[in-house]
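Shown below: data01.txt, with compact mmCIF, C-alpha atoms.
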```
# COMPACT_ATOMS: atom_id res chain seq x y z
CA MET A 1 -33.12 -14.44 -53.92
CA THR A 2 -31.59 -12.93 -50.77
CA TYR A 3 -28.00 -11.73 -50.59
CA LEU A 4 -26.17 -11.35 -47.28
CA ILE A 5 -23.34 -8.83 -47.32
CA ASP A 6 -20.76 -9.05 -44.54
CA ARG A 7 -19.65 -5.49 -43.78
CA ARG A 8 -17.69 -6.25 -40.62
CA LEU A 9 -14.32 -4.55 -40.52
CA GLN A 10 -11.45 -6.96 -41.00
CA GLY A 11 -7.76 -6.49 -40.68
CA LYS A 12 -5.35 -7.21 -43.49
CA ASN A 13 -5.07 -10.90 -44.33
CA LYS A 14 -7.70 -11.79 -41.69
CA SER A 15 -11.08 -13.43 -42.02
CA ALA A 16 -13.81 -12.74 -39.45
CA ILE A 17 -15.68 -15.91 -40.46
CA ASN A 18 -12.64 -18.12 -40.00
CA ARG A 19 -11.85 -16.46 -36.68
CA GLU A 20 -15.36 -17.10 -35.35
CA ARG A 21 -15.13 -20.73 -36.47
CA PHE A 22 -11.79 -21.09 -34.69
CA LEU A 23 -13.16 -19.53 -31.47
CA ARG A 24 -16.13 -21.91 -31.48
CA ARG A 25 -13.97 -24.97 -32.10
CA TYR A 26 -11.53 -24.27 -29.26
CA LYS A 27 -13.98 -22.64 -26.88
CA SER A 28 -13.10 -24.79 -23.86
CA GLN A 29 -9.33 -24.14 -24.19
CA ILE A 30 -9.95 -20.39 -24.61
CA LYS A 31 -12.23 -20.29 -21.57
CA ASP A 32 -9.53 -21.97 -19.50
CA ALA A 33 -6.98 -19.42 -20.72
CA VAL A 34 -9.33 -16.53 -19.90
CA GLY A 35 -9.93 -17.96 -16.43
CA ARG A 36 -6.18 -18.07 -15.82
CA ALA A 37 -5.84 -14.52 -17.10
CA ILE A 38 -8.56 -13.24 -14.76
CA LYS A 39 -6.80 -14.68 -11.72
CA GLY A 40 -3.52 -13.05 -12.65
CA ARG A 41 -4.88 -9.74 -13.91
CA SER A 42 -5.57 -6.47 -12.14
CA ILE A 43 -9.16 -5.27 -11.78
CA THR A 44 -8.34 -2.02 -13.56
CA ASP A 45 -6.84 -3.92 -16.54
CA ILE A 46 -9.75 -6.30 -17.03
CA GLU A 47 -11.02 -4.58 -20.19
CA ASN A 48 -7.87 -5.18 -22.24
CA GLY A 49 -7.39 -8.04 -24.67
CA GLU A 50 -5.40 -11.15 -23.87
CA LYS A 51 -2.82 -13.36 -25.57
CA VAL A 52 -4.04 -16.93 -25.44
CA SER A 53 -1.80 -19.98 -25.70
CA ILE A 54 -3.14 -23.34 -26.86
CA PRO A 55 -0.96 -26.47 -27.00
CA VAL A 56 -0.23 -27.60 -30.54
CA LYS A 57 -1.60 -31.06 -29.80
CA ASP A 58 -5.03 -29.49 -29.21
CA VAL A 59 -5.13 -27.69 -32.56
CA GLY A 60 -3.94 -30.58 -34.70
CA GLU A 61 -6.03 -31.29 -37.78
CA PRO A 62 -6.56 -34.71 -39.38
CA HIS A 63 -5.02 -35.05 -42.83
CA PHE A 64 -4.44 -37.63 -45.53
CA GLY A 65 -0.95 -38.80 -46.42
CA HIS A 66 0.57 -41.00 -49.10
CA ALA A 67 2.51 -43.94 -47.69
CA HIS A 68 5.53 -45.39 -49.49
CA GLY A 69 4.46 -48.89 -50.45
CA GLY A 70 6.49 -51.58 -52.13
CA VAL A 71 10.26 -51.76 -52.47
CA TRP A 72 12.26 -48.54 -52.91
CA GLU A 73 15.83 -48.12 -54.00
CA THR A 74 17.48 -44.76 -53.33
CA VAL A 75 20.91 -43.32 -54.00
CA ASN A 76 22.35 -41.07 -51.28
CA PRO A 77 25.29 -38.99 -52.55
CA GLY A 78 28.37 -39.04 -50.35
CA ASN A 79 27.54 -42.42 -48.79
CA THR A 80 30.69 -44.00 -47.35
CA GLU A 81 29.09 -46.19 -44.68
CA TYR A 82 26.38 -48.39 -46.27
CA GLN A 83 26.30 -50.81 -49.17
CA LYS A 84 23.43 -52.29 -51.14
CA GLY A 85 21.34 -54.61 -48.98
CA ASP A 86 22.38 -53.07 -45.64
CA GLN A 87 19.65 -52.15 -43.14
CA PHE A 88 19.71 -49.11 -40.84
CA ASN A 89 17.44 -47.76 -38.09
CA ARG A 90 14.76 -45.16 -38.73
CA PRO A 91 16.01 -41.66 -37.77
CA ARG A 92 14.46 -39.95 -34.80
CA SER A 93 11.62 -37.52 -35.52
CA GLY A 94 12.56 -33.87 -35.59
CA GLY A 95 12.75 -30.94 -37.91
CA GLY A 96 12.16 -27.38 -36.92
CA ALA A 97 12.32 -25.38 -33.72
CA GLY A 98 10.31 -26.83 -30.90
CA ARG A 99 10.50 -30.39 -32.24
CA GLY A 100 13.09 -33.15 -31.81
CA ARG A 101 15.85 -33.13 -29.25
CA ALA A 102 17.40 -30.13 -27.53
CA GLY A 103 21.04 -30.80 -26.72
CA ASN A 104 21.49 -34.24 -25.20
CA SER A 105 17.90 -34.45 -23.93
CA GLU A 106 15.79 -37.33 -25.19
CA GLU A 107 12.49 -35.45 -24.62
CA THR A 108 10.57 -33.93 -27.50
CA THR A 109 8.93 -30.51 -27.11
CA GLN A 110 6.36 -28.60 -29.09
CA ASP A 111 5.68 -24.86 -29.31
CA ASP A 112 2.27 -23.62 -28.23
CA PHE A 113 -0.08 -21.94 -30.67
CA MET A 114 -0.40 -18.25 -29.72
CA PHE A 115 -3.11 -15.82 -30.75
CA GLU A 116 -4.64 -12.67 -29.27
CA LEU A 117 -8.22 -12.09 -28.15
CA THR A 118 -9.68 -8.65 -28.76
CA ARG A 119 -11.16 -6.60 -25.93
CA GLU A 120 -14.73 -7.50 -26.90
CA GLU A 121 -13.94 -11.21 -27.24
CA PHE A 122 -12.19 -11.28 -23.88
CA MET A 123 -15.12 -9.54 -22.16
CA ASN A 124 -17.60 -11.95 -23.76
CA TYR A 125 -15.73 -14.97 -22.40
CA PHE A 126 -15.39 -13.26 -19.02
CA PHE A 127 -19.14 -12.65 -18.74
CA GLU A 128 -20.22 -15.97 -20.23
CA ASP A 129 -20.30 -18.06 -17.06
CA LEU A 130 -22.03 -15.18 -15.27
CA GLU A 131 -25.05 -15.82 -17.50
CA LEU A 132 -25.06 -12.36 -19.05
CA PRO A 133 -27.35 -11.77 -22.02
CA ASN A 134 -25.64 -10.30 -25.08
CA MET A 135 -27.31 -6.93 -24.66
CA ILE A 136 -25.96 -6.58 -21.15
CA LYS A 137 -22.49 -7.52 -22.34
CA THR A 138 -22.62 -4.65 -24.80
CA GLN A 139 -23.86 -2.23 -22.16
CA LEU A 140 -21.08 -3.09 -19.76
CA THR A 141 -18.31 -2.87 -22.35
CA GLN A 142 -19.43 0.22 -24.22
CA THR A 143 -17.45 3.46 -24.25
CA PRO A 144 -18.51 6.50 -22.14
CA GLU A 145 -21.44 8.54 -23.40
CA PHE A 146 -20.94 11.79 -25.33
CA LYS A 147 -23.05 14.91 -25.62
CA ASN A 148 -23.56 17.19 -28.65
CA GLN A 149 -22.02 20.64 -28.35
CA ARG A 150 -22.25 23.59 -30.76
CA ALA A 151 -18.97 24.44 -32.46
CA GLY A 152 -19.40 27.25 -35.00
CA TYR A 153 -20.96 26.89 -38.44
CA ASN A 154 -20.56 24.76 -41.55
CA MET A 155 -21.25 25.58 -45.20
CA SER A 156 -23.00 22.23 -45.66
CA GLY A 157 -25.49 20.27 -43.65
CA THR A 158 -29.11 19.18 -43.39
CA PRO A 159 -31.99 21.65 -43.80
CA SER A 160 -33.01 21.15 -40.18
CA ASN A 161 -29.64 22.59 -39.06
CA ILE A 162 -29.83 25.83 -41.09
CA HIS A 163 -29.01 28.86 -38.95
CA VAL A 164 -31.43 31.47 -40.33
CA LEU A 165 -29.97 34.57 -38.70
CA ARG A 166 -26.40 33.75 -39.72
CA SER A 167 -27.51 32.92 -43.27
CA LEU A 168 -29.42 36.23 -43.67
CA ARG A 169 -26.50 38.16 -42.28
CA GLY A 170 -24.22 36.57 -44.86
CA ALA A 171 -26.71 37.26 -47.66
CA LEU A 172 -26.93 40.95 -46.66
CA GLY A 173 -23.17 41.28 -46.65
CA ARG A 174 -22.92 39.62 -50.06
CA ARG A 175 -25.53 41.95 -51.61
CA ILE A 176 -23.75 45.00 -50.21
CA ALA A 177 -20.40 43.81 -51.49
CA VAL A 178 -21.62 42.78 -54.96
CA GLY A 179 -23.85 45.82 -55.62
CA GLY A 180 -21.77 48.50 -53.92
CA GLY A 181 -20.04 49.75 -57.09
CA SER A 182 -23.26 49.79 -59.14
CA ARG A 183 -25.11 51.78 -56.47
CA LYS A 184 -22.39 54.40 -56.40
CA GLU A 185 -22.52 54.67 -60.20
CA VAL A 186 -26.35 54.97 -60.14
CA ALA A 187 -26.15 57.75 -57.56
CA ARG A 188 -23.58 59.63 -59.68
CA LEU A 189 -25.62 59.29 -62.90
CA GLU A 190 -28.85 60.35 -61.19
CA GLU A 191 -27.11 63.50 -59.89
CA GLU A 192 -25.89 64.20 -63.44
CA LEU A 193 -29.44 63.82 -64.81
CA ALA A 194 -30.84 66.17 -62.18
CA ARG A 195 -28.14 68.77 -62.97
CA MET A 196 -28.92 68.54 -66.71
CA LEU A 197 -32.63 69.07 -66.04
CA ASP A 198 -31.81 72.11 -63.90
CA ASP A 199 -29.73 73.50 -66.78
CA GLY A 200 -32.73 73.20 -69.13
CA VAL A 201 -31.51 70.28 -71.20
CA ALA A 202 -34.38 68.67 -73.10
CA GLU A 203 -35.35 65.06 -72.24
CA ASP A 204 -34.97 64.02 -75.90
CA ASP A 205 -31.35 65.14 -75.86
CA PRO A 206 -29.14 62.18 -76.94
CA GLN A 207 -26.78 62.61 -73.97
CA PHE A 208 -29.74 62.72 -71.56
CA ILE A 209 -31.21 59.57 -73.12
CA GLU A 210 -27.88 57.76 -72.88
CA LEU A 211 -27.57 58.57 -69.18
CA LYS A 212 -31.11 57.28 -68.55
CA ARG A 213 -30.26 54.06 -70.39
CA GLN A 214 -27.18 53.55 -68.25
CA VAL A 215 -29.20 54.14 -65.05
CA HIS A 216 -31.82 51.63 -66.18
CA HIS A 217 -29.11 49.06 -66.99
CA LEU A 218 -27.53 49.46 -63.57
CA HIS A 219 -30.91 49.09 -61.81
CA THR A 220 -31.49 45.91 -63.78
CA ARG A 221 -28.14 44.54 -62.62
CA LEU A 222 -28.92 45.41 -58.99
CA ASN A 223 -32.35 43.75 -59.16
CA ALA A 224 -30.74 40.63 -60.60
CA ILE A 225 -28.70 40.10 -57.42
CA PRO A 226 -30.53 37.25 -55.56
CA PHE A 227 -31.84 37.95 -52.08
CA ILE A 228 -30.22 34.76 -50.76
CA ASP A 229 -27.84 32.40 -52.50
CA PRO A 230 -26.82 28.80 -51.58
CA PHE A 231 -23.40 30.27 -50.89
CA ASP A 232 -24.94 32.30 -48.06
CA LEU A 233 -26.41 29.33 -46.20
CA ARG A 234 -24.78 28.47 -42.89
CA TYR A 235 -25.50 25.33 -40.86
CA SER A 236 -25.04 24.86 -37.15
CA ASN A 237 -22.04 22.64 -36.47
CA ARG A 238 -22.23 20.22 -33.55
CA ILE A 239 -19.45 18.02 -32.24
CA LYS A 240 -19.51 15.19 -29.71
CA VAL A 241 -17.59 15.78 -26.52
CA PRO A 242 -17.35 13.46 -23.49
CA LYS A 243 -19.79 14.24 -20.74
CA PRO A 244 -18.03 15.87 -17.81
CA SER A 245 -17.86 13.58 -14.83
CA THR A 246 -16.43 13.83 -11.36
CA GLN A 247 -14.02 11.49 -9.63
CA ALA A 248 -14.99 8.29 -7.87
CA VAL A 249 -13.30 6.06 -5.34
CA MET A 250 -14.15 2.37 -5.06
CA PHE A 251 -13.43 0.59 -1.77
CA CYS A 252 -13.07 -3.19 -1.92
CA ILE A 253 -13.38 -4.79 1.51
CA MET A 254 -12.89 -8.54 1.88
CA ASP A 255 -12.64 -11.03 4.72
CA VAL A 256 -9.39 -13.01 4.31
CA SER A 257 -9.69 -15.19 7.41
CA GLY A 258 -9.24 -18.93 7.28
CA SER A 259 -12.88 -19.57 6.31
CA MET A 260 -12.50 -17.61 3.02
CA ASP A 261 -11.06 -20.17 0.60
CA GLU A 262 -9.75 -19.49 -2.92
CA GLY A 263 -13.11 -20.21 -4.54
CA ARG A 264 -14.85 -17.56 -2.45
CA LYS A 265 -12.05 -15.07 -3.11
CA ASP A 266 -12.38 -15.69 -6.85
CA THR A 267 -16.14 -15.08 -6.63
CA ALA A 268 -15.53 -11.85 -4.71
CA LYS A 269 -13.01 -10.71 -7.33
CA ARG A 270 -15.54 -11.19 -10.12
CA PHE A 271 -18.08 -9.14 -8.20
CA PHE A 272 -15.54 -6.36 -7.67
CA ILE A 273 -14.71 -6.43 -11.39
CA LEU A 274 -18.39 -5.96 -12.27
CA LEU A 275 -18.62 -2.98 -9.93
CA TYR A 276 -15.49 -1.43 -11.43
CA LEU A 277 -16.84 -1.82 -14.99
CA PHE A 278 -20.16 -0.34 -13.88
CA LEU A 279 -18.48 2.74 -12.38
CA LYS A 280 -16.14 3.06 -15.37
CA ARG A 281 -19.14 3.83 -17.58
CA VAL A 282 -19.87 6.97 -15.54
CA TYR A 283 -16.56 8.24 -14.15
CA ASP A 284 -13.34 8.98 -16.02
CA LYS A 285 -11.08 8.78 -12.98
CA ILE A 286 -11.53 5.98 -10.44
CA ASP A 287 -9.33 5.25 -7.46
CA VAL A 288 -9.48 1.68 -6.14
CA VAL A 289 -8.68 1.06 -2.45
CA PHE A 290 -8.23 -2.52 -1.19
CA ILE A 291 -8.90 -3.27 2.48
CA ARG A 292 -8.42 -6.81 3.79
CA HIS A 293 -9.22 -7.94 7.29
CA HIS A 294 -9.29 -10.89 9.67
CA THR A 295 -8.85 -9.87 13.31
CA ALA A 296 -7.08 -6.73 12.07
CA ALA A 297 -7.47 -4.65 8.91
CA ALA A 298 -4.88 -3.26 6.50
CA GLU A 299 -4.79 -1.38 3.21
CA VAL A 300 -2.89 -3.48 0.68
CA ASP A 301 -2.24 -3.74 -3.04
CA GLU A 302 -4.39 -5.91 -5.29
CA ASN A 303 -2.03 -8.87 -5.46
CA GLU A 304 -1.87 -9.22 -1.67
CA PHE A 305 -5.59 -8.51 -1.42
CA PHE A 306 -6.57 -11.59 -3.44
CA HIS A 307 -3.68 -13.99 -2.96
CA SER A 308 -2.43 -13.68 0.61
CA ARG A 309 -3.34 -16.48 3.03
CA GLU A 310 -4.43 -15.80 6.59
CA SER A 311 -5.85 -17.84 9.44
CA GLY A 312 -7.71 -17.02 12.60
CA GLY A 313 -10.94 -15.28 13.50
CA THR A 314 -12.79 -12.35 11.99
CA VAL A 315 -13.35 -8.82 13.32
CA VAL A 316 -15.22 -6.88 10.63
CA SER A 317 -15.27 -3.62 12.58
CA SER A 318 -11.50 -3.28 12.09
CA ALA A 319 -12.10 -2.86 8.33
CA LEU A 320 -14.89 -0.34 8.90
CA HIS A 321 -12.68 1.72 11.23
CA LEU A 322 -9.96 1.80 8.56
CA LEU A 323 -12.53 2.71 5.89
CA GLN A 324 -13.75 5.61 8.05
CA LYS A 325 -10.17 6.81 8.55
CA ILE A 326 -9.32 6.74 4.82
CA LEU A 327 -12.54 8.55 3.92
CA GLY A 328 -11.71 11.32 6.38
CA GLU A 329 -8.07 11.72 5.42
CA ARG A 330 -8.10 11.37 1.63
CA TYR A 331 -11.65 11.74 0.32
CA ALA A 332 -13.28 14.16 2.73
CA ASN A 333 -13.88 16.96 0.18
CA GLY A 334 -16.87 16.96 -2.13
CA ASP A 335 -14.87 16.10 -5.26
CA TRP A 336 -15.15 12.33 -4.78
CA ASN A 337 -18.07 9.95 -5.09
CA SER A 338 -17.45 7.04 -2.74
CA TYR A 339 -18.64 3.48 -3.39
CA VAL A 340 -18.00 0.54 -1.08
CA ALA A 341 -18.26 -3.17 -1.88
CA GLN A 342 -17.80 -5.63 0.98
CA ALA A 343 -17.49 -9.41 0.52
CA SER A 344 -17.49 -11.93 3.34
CA ASP A 345 -18.69 -15.39 4.28
CA GLY A 346 -20.67 -13.86 7.17
CA ASP A 347 -18.54 -15.10 10.06
CA ASN A 348 -17.88 -12.50 12.76
CA TRP A 349 -17.69 -12.17 16.51
CA ASP A 350 -21.18 -11.69 17.93
CA ASN A 351 -20.47 -8.47 19.82
CA ASP A 352 -18.55 -7.01 16.88
CA SER A 353 -21.52 -7.28 14.49
CA VAL A 354 -23.48 -4.81 16.63
CA LEU A 355 -20.55 -2.38 16.50
CA CYS A 356 -20.43 -2.73 12.71
CA LYS A 357 -24.08 -1.78 12.47
CA GLN A 358 -23.54 1.34 14.58
CA LEU A 359 -20.50 2.41 12.56
CA LEU A 360 -22.40 2.10 9.31
CA ILE A 361 -25.54 3.91 10.46
CA ASN A 362 -23.84 6.79 12.29
CA SER A 363 -20.52 7.38 10.55
CA ILE A 364 -20.00 5.71 7.19
CA MET A 365 -23.30 5.72 5.30
CA PRO A 366 -23.73 9.55 5.34
CA LYS A 367 -20.35 9.85 3.55
CA VAL A 368 -20.80 7.33 0.72
CA GLN A 369 -23.00 7.23 -2.36
CA TYR A 370 -23.62 3.48 -2.18
CA TYR A 371 -22.61 0.55 0.03
CA THR A 372 -23.07 -3.06 -1.08
CA TYR A 373 -22.55 -6.15 1.02
CA VAL A 374 -22.43 -9.63 -0.52
CA GLU A 375 -22.31 -12.74 1.61
CA ILE A 376 -20.61 -15.62 -0.20
CA THR A 377 -21.86 -18.79 1.45
CA ASP A 378 -24.14 -21.73 0.81
CA GLY A 379 -25.22 -21.96 4.44
CA PRO A 380 -27.71 -19.97 6.55
CA GLN A 381 -27.25 -16.26 7.22
CA GLN A 382 -24.85 -15.37 10.02
CA ASN A 383 -25.14 -12.73 12.74
CA LEU A 384 -23.44 -10.12 10.55
CA TRP A 385 -26.25 -10.46 7.99
CA GLU A 386 -28.88 -9.95 10.68
CA GLN A 387 -27.24 -6.76 11.94
CA TYR A 388 -26.65 -5.39 8.44
CA ALA A 389 -30.33 -5.94 7.64
CA GLU A 390 -31.16 -3.22 10.17
CA VAL A 391 -28.90 -0.74 8.34
CA MET A 392 -31.24 -0.93 5.33
CA ASP A 393 -34.03 0.49 7.49
CA HIS A 394 -32.02 3.68 8.08
CA HIS A 395 -30.27 4.23 4.73
CA ARG A 396 -31.65 3.56 1.25
CA ASN A 397 -28.16 3.61 -0.26
CA PHE A 398 -27.27 0.37 1.52
CA ALA A 399 -27.95 -2.97 -0.17
CA MET A 400 -27.07 -6.59 0.56
CA GLN A 401 -27.39 -9.90 -1.27
CA LYS A 402 -26.26 -13.50 -0.94
CA ILE A 403 -24.09 -15.33 -3.49
CA VAL A 404 -23.99 -19.13 -3.54
CA THR A 405 -22.38 -19.99 -6.91
CA PRO A 406 -20.52 -17.92 -9.53
CA ALA A 407 -23.65 -18.01 -11.69
CA ASP A 408 -25.39 -15.88 -9.02
CA ILE A 409 -22.91 -13.01 -9.35
CA TYR A 410 -24.54 -11.11 -12.17
CA PRO A 411 -28.19 -11.55 -11.03
CA VAL A 412 -27.13 -10.32 -7.60
CA PHE A 413 -25.29 -7.40 -9.16
CA ARG A 414 -28.38 -6.49 -11.19
CA GLU A 415 -30.50 -6.62 -8.06
CA LEU A 416 -28.09 -4.42 -6.13
CA PHE A 417 -27.81 -1.75 -8.80
CA LYS A 418 -31.27 -1.77 -10.37
CA LYS A 419 -32.98 1.58 -10.85
CA GLN A 420 -34.93 2.65 -7.81
CA VAL A 421 -38.63 3.41 -8.28
CA LYS A 422 -39.34 6.94 -7.11
```
Written form, structure tokens:
Amino acid sequence: MTYLIDRRLQGKNKSAINRERFLRRYKSQIKDAVGRAIKGRSITDIENGEKVSIPVKDVGEPHFGHAHGGVWETVNPGNTEYQKGDQFNRPRSGGGAGRGRAGNSEETTQDDFMFELTREEFMNYFFEDLELPNMIKTQLTQTPEFKNQRAGYNMSGTPSNIHVLRSLRGALGRRIAVGGGSRKEVARLEEELARMLDDGVAEDDPQFIELKRQVHHLHTRLNAIPFIDPFDLRYSNRIKVPKPSTQAVMFCIMDVSGSMDEGRKDTAKRFFILLYLFLKRVYDKIDVVFIRHHTAAAEVDENEFFHSRESGGTVVSSALHLLQKILGERYANGDWNSYVAQASDGDNWDNDSVLCKQLLINSIMPKVQYYTYVEITDGPQQNLWEQYAEVMDHHRNFAMQKIVTPADIYPVFRELFKKQVK
């Protein structure tokens, strides 16, 4: 017979099994709530949990009830209006907050069912439509790595961690401390014996024999002191400390011209979120800079970056000029690792694409650790793609991929950031 023991940590008055069953049953409603949360949430806050609201009508459970059959006679105390045989209308449904009428309104309302997703549950739902395997989900949501560092000594531990030198030093000090008084007494008695022999006292003298017995007893006590005792053992103590990491800056560049609809912006946001989570595993401090462009470029906050509407043409070089300026003014020293992610549908003025290539090759790529370009379109590659392809011939830290549907985001991300074969 096989026994399965569930050792998952559970909060007070909570059941992990019931929670999993609930999440499976209302998976579609939770996914919709997570999708709404992603659109209204900052990139840097994506790893937090989320409060999810589900309408009560969606969580209703079927149940059996007992109907009142036959003829019933009831007595209502305080009745001054009805007599036996009178008929009256059924009262309106109500009872409890959120049900029945509010004021003079005839509409009935119901409270939503609220519960909170944990960080891990929220990230799982976020990655689900990106076709992430479970192992990759864990890798992207794990905490930063730690390294072992020596921190003094312990009096307990495993045999492999015994510090020999420190243990022997402690044993030597213990033997000196424990046997110090006996050694002094032995030295005094031996001097007394030598003086008695010089004075001609016979060895069979009772006093001489007593002194020899005392010396022998003290030597026996000294020899009984163990060379090393379990009390002397010292074990190397190691603690885990976060690995030191430098600062990083993440540049998000996106085309917001009329051809970039909300669907493409949402796809770009998910790609930027993946890049932020990837960098968060390595760096403790990350600055995020948002640059939007159409015919002109501007540095904006995240809300304006994703939700502002623009129309007109596209001049990508304006964003690259602004990127070059910010790199020189704020992140020119060697304390920052710079990463750039650019998302566009590929539309650009023909002459401007050549200028973009020259800016990347000559000015920008030598200053950044990695530059990724994703083209979000289901059509053929545009002139910007053709010019960017030549940048890859000059710099190995430049990569580009095409995204057609949201399901392509994670495979493209894996391809962009896979380990390079040396």
(message) So that I can see what lies close to region 348-359 of chain A, please list as a list of chain:residue names the residues with an atom at most 7 Å from it, counting all atoms listed in the file and leaving out residues fewer than 4 positions away in the same chain.
(response)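 What passes the distance filter is A:Thr314, A:Val315, A:Val316, A:Ser317, A:Ser363, A:Ile364, A:Asn383, A:Leu384, A:Gln387, A:Tyr388, A:Val391.
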(request) Work out how far CA of Ala343 (chain A) is from CA of Val368 (chain A), in Å to one decimal. (result)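 Distance between the two atoms: 17.1 Å.
Rounded to one decimal, CA of Ser344 (chain A) and CA of Arg36 (chain A) lie 23.1 Å from each other.
With CA of Val288 (chain A) on one side and CA of Thr377 (chain A) on the other, the separation reads 25.1 Å.
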Excluding Lys265 (chain A) and any residue of its chain fewer than 2 positions from it, enumerate the residues within 10 Å of it, using all atoms listed in the file, and give them as a tab-separated table (two decimals) with C-alpha atoms, in the coordinates of the input.
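Dumped everything to out27.tsv:
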```
chain	number	residue	atom	x	y	z
A	254	MET	CA	-12.89	-8.54	1.88
A	255	ASP	CA	-12.64	-11.03	4.72
A	256	VAL	CA	-9.39	-13.01	4.31
A	260	MET	CA	-12.50	-17.61	3.02
A	261	ASP	CA	-11.06	-20.17	0.60
A	262	GLU	CA	-9.75	-19.49	-2.92
A	263	GLY	CA	-13.11	-20.21	-4.54
A	267	THR	CA	-16.14	-15.08	-6.63
A	268	ALA	CA	-15.53	-11.85	-4.71
A	269	LYS	CA	-13.01	-10.71	-7.33
A	270	ARG	CA	-15.54	-11.19	-10.12
A	271	PHE	CA	-18.08	-9.14	-8.20
A	305	PHE	CA	-5.59	-8.51	-1.42
A	306	PHE	CA	-6.57	-11.59	-3.44
A	307	HIS	CA	-3.68	-13.99	-2.96
A	343	ALA	CA	-17.49	-9.41	0.52
A	344	SER	CA	-17.49	-11.93	3.34
A	345	ASP	CA	-18.69	-15.39	4.28
A	376	ILE	CA	-20.61	-15.62	-0.20
```
(message) So that I can see what lies close to His219 (chain A), please list as a VMD selection string the residues with an atom at most 10 Å from it, counting all atoms listed in the file and leaving out residues fewer than 3 positions away in the same chain.
(response) chain A and resid 179 182 to 183 186 213 to 216 222 to 224
(message) Nearest residue to Ala296 (chain A) out of A:Lys147, A:Arg119, A:His321, A:Lys280, using all atoms listed in the file?
(response) A:His321
(message) When you count all atoms listed in the file, which of these residues is closest to Glu390 (chain A): A:Asp378, A:Phe88, A:Glu304, A:Leu360?
(response)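 Counting all atoms listed in the file, the residue closest to Glu390 (chain A) is A:Leu360.
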(message) Between A:Pro366, A:Gly258, A:Gly70, A:Gly180, which residue has the minimum interatomic distance to Ser338 (chain A), considering all atoms listed in the file?
(response)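 Of A:Pro366, A:Gly258, A:Gly70, A:Gly180, the one nearest Ser338 (chain A), counting all atoms listed in the file, is A:Pro366.
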(message) I'd like the contact shell of Leu323 (chain A) - 12 Å cut-off, all atoms listed in the file, skipping same-chain residues fewer than 6 positions apart - returned as a ChimeraX atom specification.
(response) /A:249-254,289-293,297-299,316-317,329-332,338-342,356,359-360,363-365,367-368,371
